[in-house]
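Colleague: Pasting target_38.cif here (mmCIF, C-alpha atoms):
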data_target
#
loop_
_atom_site.group_PDB
_atom_site.id
_atom_site.type_symbol
_atom_site.label_atom_id
_atom_site.label_comp_id
_atom_site.auth_asym_id
_atom_site.auth_seq_id
_atom_site.Cartn_x
_atom_site.Cartn_y
_atom_site.Cartn_z
ATOM 1 C CA MET A 18 33.020 61.839 60.673
ATOM 2 C CA THR A 19 33.291 61.801 56.899
ATOM 3 C CA ILE A 20 32.148 58.360 55.775
ATOM 4 C CA ARG A 21 34.275 58.214 52.621
ATOM 5 C CA ASP A 22 37.574 59.530 53.921
ATOM 6 C CA GLU A 23 40.723 57.467 54.109
ATOM 7 C CA ALA A 24 41.035 58.025 57.850
ATOM 8 C CA PHE A 25 37.699 56.272 58.369
ATOM 9 C CA LEU A 26 38.711 53.326 56.168
ATOM 10 C CA SER A 27 42.030 53.101 57.963
ATOM 11 C CA ARG A 28 40.315 52.996 61.365
ATOM 12 C CA LEU A 29 37.886 50.390 60.112
ATOM 13 C CA SER A 30 40.675 48.188 58.750
ATOM 14 C CA SER A 31 42.544 48.442 62.054
ATOM 15 C CA ARG A 32 39.512 47.063 63.908
ATOM 16 C CA LEU A 33 38.917 44.174 61.508
ATOM 17 C CA LEU A 34 40.711 40.852 61.570
ATOM 18 C CA GLN A 35 43.337 40.918 58.841
ATOM 19 C CA VAL A 36 43.334 37.159 58.290
ATOM 20 C CA PRO A 37 40.304 34.864 58.207
ATOM 21 C CA PRO A 38 39.370 33.851 61.767
ATOM 22 C CA VAL A 39 40.156 30.353 62.967
ATOM 23 C CA HIS A 40 37.489 28.869 65.208
ATOM 24 C CA ALA A 41 38.502 26.609 68.069
ATOM 25 C CA GLY A 42 36.690 24.995 70.951
ATOM 26 C CA GLU A 43 32.956 24.753 71.424
ATOM 27 C CA LEU A 44 30.730 26.685 69.039
ATOM 28 C CA VAL A 45 27.748 28.505 70.533
ATOM 29 C CA PRO A 46 24.916 29.003 67.999
ATOM 30 C CA ASP A 47 22.790 32.131 67.718
ATOM 31 C CA TRP A 48 19.881 29.899 68.800
ATOM 32 C CA ALA A 49 20.067 26.344 70.105
ATOM 33 C CA PRO A 50 18.215 23.563 68.240
ATOM 34 C CA LEU A 51 16.468 20.942 70.349
ATOM 35 C CA THR A 52 18.775 18.233 69.001
ATOM 36 C CA PRO A 53 22.482 19.123 68.666
ATOM 37 C CA TYR A 54 24.075 18.444 65.294
ATOM 38 C CA ASP A 55 26.276 15.366 64.977
ATOM 39 C CA ARG A 56 28.178 16.667 61.947
ATOM 40 C CA PRO A 57 30.688 19.481 61.377
ATOM 41 C CA PRO A 58 29.243 22.907 60.559
ATOM 42 C CA VAL A 59 28.955 24.033 56.946
ATOM 43 C CA GLU A 60 31.559 26.688 56.147
ATOM 44 C CA ALA A 61 30.090 29.788 54.523
ATOM 45 C CA ALA A 62 31.091 33.358 53.735
ATOM 46 C CA VAL A 63 29.151 36.571 53.213
ATOM 47 C CA MET A 64 30.328 39.923 51.914
ATOM 48 C CA ILE A 65 29.601 43.128 53.801
ATOM 49 C CA ALA A 66 30.192 45.324 50.771
ATOM 50 C CA LEU A 67 30.837 49.033 51.318
ATOM 51 C CA VAL A 68 29.929 50.511 47.952
ATOM 52 C CA GLU A 69 31.470 53.814 46.878
ATOM 53 C CA ARG A 70 28.780 56.197 45.657
ATOM 54 C CA PRO A 71 28.943 59.964 44.951
ATOM 55 C CA GLU A 72 26.818 60.611 48.049
ATOM 56 C CA GLY A 73 28.964 58.389 50.284
ATOM 57 C CA LEU A 74 29.402 54.750 51.192
ATOM 58 C CA THR A 75 26.457 52.374 51.160
ATOM 59 C CA VAL A 76 26.001 48.765 52.307
ATOM 60 C CA LEU A 77 24.789 46.256 49.714
ATOM 61 C CA TYR A 78 21.944 43.819 50.382
ATOM 62 C CA THR A 79 20.076 41.316 48.251
ATOM 63 C CA GLU A 80 16.496 40.114 48.433
ATOM 64 C CA ARG A 81 16.532 36.383 47.794
ATOM 65 C CA SER A 82 14.389 34.895 45.048
ATOM 66 C CA PRO A 83 10.913 33.760 46.205
ATOM 67 C CA ASP A 84 11.504 30.519 44.273
ATOM 68 C CA LEU A 85 14.410 29.348 46.462
ATOM 69 C CA ARG A 86 13.754 26.427 48.803
ATOM 70 C CA ALA A 87 15.661 27.969 51.736
ATOM 71 C CA HIS A 88 15.154 31.515 53.090
ATOM 72 C CA SER A 89 13.125 32.558 50.051
ATOM 73 C CA GLY A 90 12.311 36.252 49.894
ATOM 74 C CA GLN A 91 14.557 37.144 52.823
ATOM 75 C CA VAL A 92 17.149 39.912 52.794
ATOM 76 C CA ALA A 93 20.761 38.736 52.833
ATOM 77 C CA PHE A 94 24.320 39.745 52.149
ATOM 78 C CA PRO A 95 25.849 38.283 48.991
ATOM 79 C CA GLY A 96 27.385 34.969 49.970
ATOM 80 C CA GLY A 97 27.020 31.239 50.390
ATOM 81 C CA LYS A 98 28.855 28.006 51.042
ATOM 82 C CA VAL A 99 32.639 27.883 50.698
ATOM 83 C CA ASP A 100 33.523 25.544 47.822
ATOM 84 C CA LYS A 101 36.550 23.272 47.740
ATOM 85 C CA THR A 102 37.798 25.272 44.748
ATOM 86 C CA ASP A 103 37.751 28.572 46.699
ATOM 87 C CA ALA A 104 41.193 29.710 47.856
ATOM 88 C CA ASP A 105 39.706 31.052 51.118
ATOM 89 C CA VAL A 106 36.570 32.655 52.541
ATOM 90 C CA ALA A 107 37.325 35.963 50.810
ATOM 91 C CA ALA A 108 37.480 34.197 47.456
ATOM 92 C CA ALA A 109 34.190 32.479 48.249
ATOM 93 C CA ALA A 110 32.501 35.780 49.112
ATOM 94 C CA VAL A 111 33.783 37.443 45.927
ATOM 95 C CA ARG A 112 32.695 34.476 43.787
ATOM 96 C CA GLU A 113 29.219 34.456 45.316
ATOM 97 C CA ALA A 114 28.849 38.223 44.850
ATOM 98 C CA ASN A 115 29.762 37.802 41.201
ATOM 99 C CA GLU A 116 27.298 34.954 40.732
ATOM 100 C CA GLU A 117 24.468 36.714 42.553
ATOM 101 C CA VAL A 118 24.735 40.339 41.401
ATOM 102 C CA GLY A 119 27.506 40.451 38.788
ATOM 103 C CA MET A 120 30.050 42.140 41.061
ATOM 104 C CA ARG A 121 33.453 42.077 39.366
ATOM 105 C CA ALA A 122 36.407 40.774 41.355
ATOM 106 C CA GLU A 123 38.605 43.635 40.174
ATOM 107 C CA ASP A 124 36.161 46.120 41.734
ATOM 108 C CA VAL A 125 36.623 44.593 45.195
ATOM 109 C CA LYS A 126 39.217 45.448 47.853
ATOM 110 C CA ILE A 127 39.125 43.189 50.917
ATOM 111 C CA LEU A 128 39.430 45.251 54.113
ATOM 112 C CA GLY A 129 39.251 42.433 56.662
ATOM 113 C CA TYR A 130 37.005 40.034 58.521
ATOM 114 C CA LEU A 131 34.587 39.859 61.414
ATOM 115 C CA PRO A 132 34.683 36.910 63.828
ATOM 116 C CA THR A 133 32.815 33.823 62.668
ATOM 117 C CA TYR A 134 29.082 33.583 63.319
ATOM 118 C CA TYR A 135 27.611 30.156 64.119
ATOM 119 C CA THR A 136 23.947 29.634 63.299
ATOM 120 C CA GLY A 137 21.349 27.349 64.821
ATOM 121 C CA THR A 138 21.091 25.702 61.410
ATOM 122 C CA ASN A 139 24.750 24.575 61.637
ATOM 123 C CA TYR A 140 26.400 27.109 59.342
ATOM 124 C CA LEU A 141 29.678 28.726 60.348
ATOM 125 C CA ILE A 142 29.717 32.093 58.566
ATOM 126 C CA THR A 143 32.746 34.316 58.059
ATOM 127 C CA PRO A 144 31.751 37.926 57.275
ATOM 128 C CA VAL A 145 34.167 39.449 54.755
ATOM 129 C CA VAL A 146 34.247 43.254 54.734
ATOM 130 C CA ALA A 147 35.137 44.821 51.381
ATOM 131 C CA LEU A 148 35.326 48.206 49.710
ATOM 132 C CA VAL A 149 33.637 48.072 46.308
ATOM 133 C CA SER A 150 34.161 50.594 43.511
ATOM 134 C CA PRO A 151 31.575 49.353 40.990
ATOM 135 C CA SER A 152 32.468 49.667 37.327
ATOM 136 C CA GLY A 153 28.876 48.931 36.353
ATOM 137 C CA PRO A 154 25.427 48.298 37.824
ATOM 138 C CA PHE A 155 24.686 45.308 40.025
ATOM 139 C CA VAL A 156 22.448 42.921 38.097
ATOM 140 C CA PRO A 157 20.497 40.308 40.095
ATOM 141 C CA ASN A 158 20.822 36.690 38.986
ATOM 142 C CA PRO A 159 17.121 35.777 38.671
ATOM 143 C CA GLY A 160 17.811 32.208 39.786
ATOM 144 C CA GLU A 161 19.031 33.415 43.182
ATOM 145 C CA VAL A 162 18.253 37.089 43.711
ATOM 146 C CA HIS A 163 14.979 38.956 43.280
ATOM 147 C CA SER A 164 16.367 42.449 43.820
ATOM 148 C CA VAL A 165 19.371 44.424 45.038
ATOM 149 C CA PHE A 166 19.330 47.506 47.242
ATOM 150 C CA GLU A 167 21.757 49.643 49.220
ATOM 151 C CA VAL A 168 21.456 51.297 52.628
ATOM 152 C CA PRO A 169 23.547 54.411 53.387
ATOM 153 C CA LEU A 170 26.371 53.541 55.755
ATOM 154 C CA SER A 171 25.488 56.649 57.755
ATOM 155 C CA ARG A 172 22.125 55.039 58.556
ATOM 156 C CA ILE A 173 23.678 51.677 59.385
ATOM 157 C CA LEU A 174 25.895 53.368 61.970
ATOM 158 C CA LYS A 175 23.011 54.987 63.881
ATOM 159 C CA ARG A 176 21.866 53.068 66.965
ATOM 160 C CA SER A 177 18.310 54.331 66.389
ATOM 161 C CA THR A 178 18.147 52.395 63.106
ATOM 162 C CA TYR A 179 17.835 49.080 64.946
ATOM 163 C CA GLY A 180 14.734 47.508 66.422
ATOM 164 C CA ARG A 181 13.923 43.989 67.572
ATOM 165 C CA PHE A 182 12.329 41.163 65.592
ATOM 166 C CA LYS A 183 10.674 38.219 67.376
ATOM 167 C CA ILE A 184 10.535 34.743 65.859
ATOM 168 C CA SER A 185 9.423 31.351 67.174
ATOM 169 C CA ARG A 186 11.592 28.304 66.486
ATOM 170 C CA GLN A 187 10.813 24.829 67.755
ATOM 171 C CA GLY A 188 8.404 26.225 70.307
ATOM 172 C CA LYS A 189 10.813 28.821 71.682
ATOM 173 C CA GLU A 190 10.759 32.565 71.080
ATOM 174 C CA HIS A 191 13.957 34.211 69.903
ATOM 175 C CA THR A 192 14.778 37.803 69.072
ATOM 176 C CA THR A 193 17.074 39.271 66.437
ATOM 177 C CA TRP A 194 17.966 42.762 65.380
ATOM 178 C CA GLN A 195 15.756 44.371 62.750
ATOM 179 C CA ILE A 196 16.229 47.191 60.241
ATOM 180 C CA ASP A 197 13.329 48.594 58.223
ATOM 181 C CA HIS A 198 14.609 50.439 55.163
ATOM 182 C CA ASP A 199 12.248 51.716 52.460
ATOM 183 C CA GLY A 200 9.983 48.693 52.793
ATOM 184 C CA HIS A 201 12.821 46.174 53.032
ATOM 185 C CA MET A 202 12.770 44.272 56.317
ATOM 186 C CA ILE A 203 16.242 43.104 57.362
ATOM 187 C CA TRP A 204 16.212 40.652 60.272
ATOM 188 C CA GLY A 205 17.796 37.419 61.482
ATOM 189 C CA ILE A 206 21.418 36.618 60.674
ATOM 190 C CA THR A 207 21.800 39.523 58.246
ATOM 191 C CA ALA A 208 20.586 42.102 60.746
ATOM 192 C CA ASN A 209 22.658 40.544 63.528
ATOM 193 C CA LEU A 210 25.808 40.696 61.401
ATOM 194 C CA THR A 211 24.989 44.271 60.385
ATOM 195 C CA ARG A 212 24.722 45.220 64.054
ATOM 196 C CA LYS A 213 28.010 43.474 64.897
ATOM 197 C CA PHE A 214 29.649 45.408 62.077
ATOM 198 C CA ARG A 215 28.095 48.661 63.309
ATOM 199 C CA ASP A 216 29.299 48.102 66.890
ATOM 200 C CA LEU A 217 32.810 47.356 65.656
ATOM 201 C CA VAL A 218 32.897 50.482 63.467
ATOM 202 C CA MET A 219 31.643 52.640 66.335
ATOM 203 C CA ASP A 220 33.970 50.887 68.786
ATOM 204 C CA GLU A 221 31.080 50.074 71.093
ATOM 205 C CA ASP A 222 30.315 46.912 73.030
ATOM 206 C CA ALA A 223 27.567 44.785 71.500
ATOM 207 C CA ALA A 224 24.208 45.456 73.110
#
Translate the structure of the given file into structure tokens.
Modeller:
Amino acid sequence: MTIRDEAFLSRLSSRLLQVPPVHAGELVPDWAPLTPYDRPPVEAAVMIALVERPEGLTVLYTERSPDLRAHSGQVAFPGGKVDKTDADVAAAAVREANEEVGMRAEDVKILGYLPTYYTGTNYLITPVVALVSPSGPFVPNPGEVHSVFEVPLSRILKRSTYGRFKISRQGKEHTTWQIDHDGHMIWGITANLTRKFRDLVMDEDAA
């Protein structure tokens, strides 16, 4: 399979949701807090950005600033809460990518969406998949992002890339997917979403 060819992008688009997903019924979190939330989930969006490079497509990740109060130093996709001024989740993802790494809206082509992902911290995340043809370098916003790095899509698609990460929350042990790339440890929500994207691309059932 040639990662950059139009046939691949066409197949990918055909497997993605072409409109933002609408959640209905009971939400099942990726891990269950001891006390259920008594408020609606916070709507959020992240961008799974497929970046066009001479050597092929890559997937963009950020390392969050160590000064942030929440999830400091962790690896994430560009993204955040959906604002009332955002037209939809795609607009929110593009805005956040611009704020975090200087990604220009005109460089982004939305390919589709993954199903929503509900977290144990009461966030309802819509992953927005986009093809990005960067007209300049990505520049981290020092207030939010410590560094930016890219992982070759060819590596993301290999099953052998993924390991397991164990974490204890509220006295219970949970596991997430894990990717170790050049010293960057990707785990938790970001790794789980990466794996869901990988399984969709490869047309395989989630393990």
Colleague: Can you find the residues with an atom no farther than 6 Å from (38.5, 39.4, 48.4), counting all atoms listed in the file, and report them as a ChimeraX atom specification?
Modeller: /A:107-108,111,127
Colleague: Dump as a tab-separated table the rows for residues of range 140-203 of chain A within 12 Å of range 26-41 of chain A: closest atom pair and distance in Å with one decimal, all atoms listed in the file counted, ordered by chain and rising residue number.
Modeller:
residue	atom	partner	partner_atom	distance
A:Leu141	CA	A:His40	CA	9.2
A:Ile142	CA	A:Pro38	CA	10.3
A:Thr143	CA	A:Pro37	CA	7.6
A:Pro144	CA	A:Pro37	CA	9.1
A:Val145	CA	A:Pro37	CA	8.4
A:Val146	CA	A:Leu33	CA	8.3
A:Ala147	CA	A:Ser30	CA	9.8
A:Leu148	CA	A:Leu26	CA	8.9
Colleague: If you apply the PyMOL selection byres ((chain A and resi 133-137) around 10) to this file, what residues do you get, as a PyMOL selection string?
Modeller: chain A and resi 37-40+44-51+53-54+58-62+130-132+138-145+186+206+209-210
Colleague: In Å, rounded to a single decimal, give me how far CA of Ser150 in chain A is from CA of Thr79 in chain A.
Modeller: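 Distance between the two atoms: 17.5 Å.
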Colleague: Which of these, A:Asp197, A:Glu167, A:Glu23, A:Asp220, has the shortest distance to Leu67 in chain A once you count all atoms listed in the file?
Modeller: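 Closest residue, counting all atoms listed in the file: A:Glu167.
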Colleague: Name the residues that the PyMOL selection byres ((chain A and resi 208) around 10) picks from the file above, as a list in words, using the file's chain letters and numbers.
Modeller: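 That expression, the PyMOL selection byres ((chain A and resi 208) around 10), corresponds here to Val92, Ala93, Phe94, Tyr179, Gly180, Arg181, Phe182, Thr193, Trp194, Gln195, Ile196, Met202, Ile203, Trp204, Gly205, Ile206, Thr207, Asn209, Leu210, Thr211, Arg212, Lys213 and Phe214 of chain A.
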Colleague: Grab the CA of Pro159 in chain A to CA of Ala110 in chain A distance for me, in Å with one decimal place.
Modeller: 18.6 Å
Colleague: Choose the residue, out of A:Val149, A:Val99, A:Val118, A:Leu217, that has the smallest atom-to-atom separation from Arg81 in chain A; count only C-alpha atoms.
Modeller: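 Closest to Arg81 in chain A, using only C-alpha atoms: A:Val118.
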Colleague: Smallest atom-to-atom distance to Tyr78 in chain A: which of A:Val106, A:Val63, A:Leu174, A:Ala122, using all atoms listed in the file?
Modeller: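 So, comparing all the options, the nearest one is A:Val63.
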Colleague: Quick check, in Å to one decimal: how far apart do CA of Lys101 in chain A and CA of His163 in chain A lie?
Modeller: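 Separating CA of Lys101 in chain A from CA of His163 in chain A is a distance of 27.0 Å.
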Colleague: Please determine, counting only C-alpha atoms, which residue among A:Glu190, A:Asp222, A:Glu72, A:Glu117 has the shortest atom-to-atom distance to Val165 in chain A.
Modeller: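 Checking each candidate against Val165 in chain A, we get A:Glu117 as the closest.
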Colleague: Would you mind putting back all heavy atoms on range 190-201 of chain A, then writing it out as a short mmCIF file (atom, residue, chain, number, x, y, z; two decimals), in the frame of the given file?
Modeller:
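Once written, part_36.cif looks like this:
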data_model
loop_
_atom_site.label_atom_id
_atom_site.label_comp_id
_atom_site.auth_asym_id
_atom_site.auth_seq_id
_atom_site.Cartn_x
_atom_site.Cartn_y
_atom_site.Cartn_z
N GLU A 190 10.70 31.24 71.69
CA GLU A 190 10.76 32.56 71.08
C GLU A 190 12.18 33.11 71.12
O GLU A 190 12.85 33.03 72.15
CB GLU A 190 9.82 33.53 71.79
CG GLU A 190 9.70 34.88 71.09
CD GLU A 190 8.69 35.79 71.74
OE1 GLU A 190 9.09 36.52 72.67
OE2 GLU A 190 7.51 35.76 71.34
N HIS A 191 12.63 33.61 70.00
CA HIS A 191 13.96 34.21 69.90
C HIS A 191 13.80 35.63 69.36
O HIS A 191 12.81 35.96 68.72
CB HIS A 191 14.85 33.40 68.95
CG HIS A 191 14.96 31.96 69.31
ND1 HIS A 191 15.91 31.46 70.16
CD2 HIS A 191 14.22 30.89 68.92
CE1 HIS A 191 15.76 30.15 70.29
NE2 HIS A 191 14.75 29.77 69.54
N THR A 192 14.79 36.45 69.62
CA THR A 192 14.78 37.80 69.07
C THR A 192 16.04 38.04 68.26
O THR A 192 17.10 37.47 68.56
CB THR A 192 14.69 38.88 70.18
OG1 THR A 192 15.83 38.79 71.03
CG2 THR A 192 13.42 38.72 70.99
N THR A 193 15.92 38.84 67.23
CA THR A 193 17.07 39.27 66.44
C THR A 193 16.98 40.78 66.27
O THR A 193 15.95 41.39 66.58
CB THR A 193 17.09 38.61 65.04
OG1 THR A 193 16.15 39.29 64.16
CG2 THR A 193 16.74 37.14 65.09
N TRP A 194 18.04 41.36 65.76
CA TRP A 194 17.97 42.76 65.38
C TRP A 194 17.10 42.89 64.13
O TRP A 194 16.90 41.93 63.39
CB TRP A 194 19.35 43.33 65.12
CG TRP A 194 20.18 43.49 66.35
CD1 TRP A 194 21.30 42.78 66.71
CD2 TRP A 194 19.97 44.44 67.41
NE1 TRP A 194 21.79 43.21 67.91
CE2 TRP A 194 20.99 44.23 68.37
CE3 TRP A 194 19.03 45.43 67.65
CZ2 TRP A 194 21.10 44.98 69.54
CZ3 TRP A 194 19.12 46.17 68.81
CH2 TRP A 194 20.14 45.95 69.73
N GLN A 195 16.62 44.09 63.90
CA GLN A 195 15.76 44.37 62.75
C GLN A 195 16.04 45.78 62.23
O GLN A 195 16.23 46.71 63.00
CB GLN A 195 14.29 44.27 63.17
CG GLN A 195 13.29 44.72 62.12
CD GLN A 195 11.86 44.65 62.65
OE1 GLN A 195 11.36 43.58 62.96
NE2 GLN A 195 11.21 45.80 62.77
N ILE A 196 16.07 45.90 60.91
CA ILE A 196 16.23 47.19 60.24
C ILE A 196 15.14 47.29 59.19
O ILE A 196 14.99 46.39 58.35
CB ILE A 196 17.60 47.32 59.55
CG1 ILE A 196 18.74 47.12 60.56
CG2 ILE A 196 17.73 48.67 58.85
CD1 ILE A 196 20.09 46.90 59.90
N ASP A 197 14.38 48.35 59.22
CA ASP A 197 13.33 48.59 58.22
C ASP A 197 13.81 49.73 57.33
O ASP A 197 13.94 50.87 57.78
CB ASP A 197 12.01 48.96 58.91
CG ASP A 197 10.85 49.08 57.93
OD1 ASP A 197 11.08 48.92 56.72
OD2 ASP A 197 9.73 49.34 58.38
N HIS A 198 14.09 49.42 56.07
CA HIS A 198 14.61 50.44 55.16
C HIS A 198 13.80 50.46 53.88
O HIS A 198 13.86 49.53 53.07
CB HIS A 198 16.08 50.16 54.83
CG HIS A 198 16.69 51.19 53.91
ND1 HIS A 198 17.03 52.46 54.33
CD2 HIS A 198 16.99 51.13 52.59
CE1 HIS A 198 17.52 53.14 53.31
NE2 HIS A 198 17.50 52.36 52.24
N ASP A 199 13.03 51.51 53.69
CA ASP A 199 12.25 51.72 52.46
C ASP A 199 11.45 50.47 52.08
O ASP A 199 11.41 50.07 50.91
CB ASP A 199 13.17 52.11 51.30
CG ASP A 199 13.70 53.52 51.44
OD1 ASP A 199 13.16 54.29 52.26
OD2 ASP A 199 14.68 53.85 50.73
N GLY A 200 10.81 49.86 53.07
CA GLY A 200 9.98 48.69 52.79
C GLY A 200 10.72 47.37 52.82
O GLY A 200 10.08 46.31 52.74
N HIS A 201 12.03 47.40 52.92
CA HIS A 201 12.82 46.17 53.03
C HIS A 201 13.03 45.86 54.51
O HIS A 201 13.57 46.68 55.26
CB HIS A 201 14.19 46.33 52.36
CG HIS A 201 14.11 46.55 50.89
ND1 HIS A 201 13.82 45.55 49.99
CD2 HIS A 201 14.28 47.67 50.14
CE1 HIS A 201 13.83 46.02 48.76
NE2 HIS A 201 14.10 47.32 48.82
#
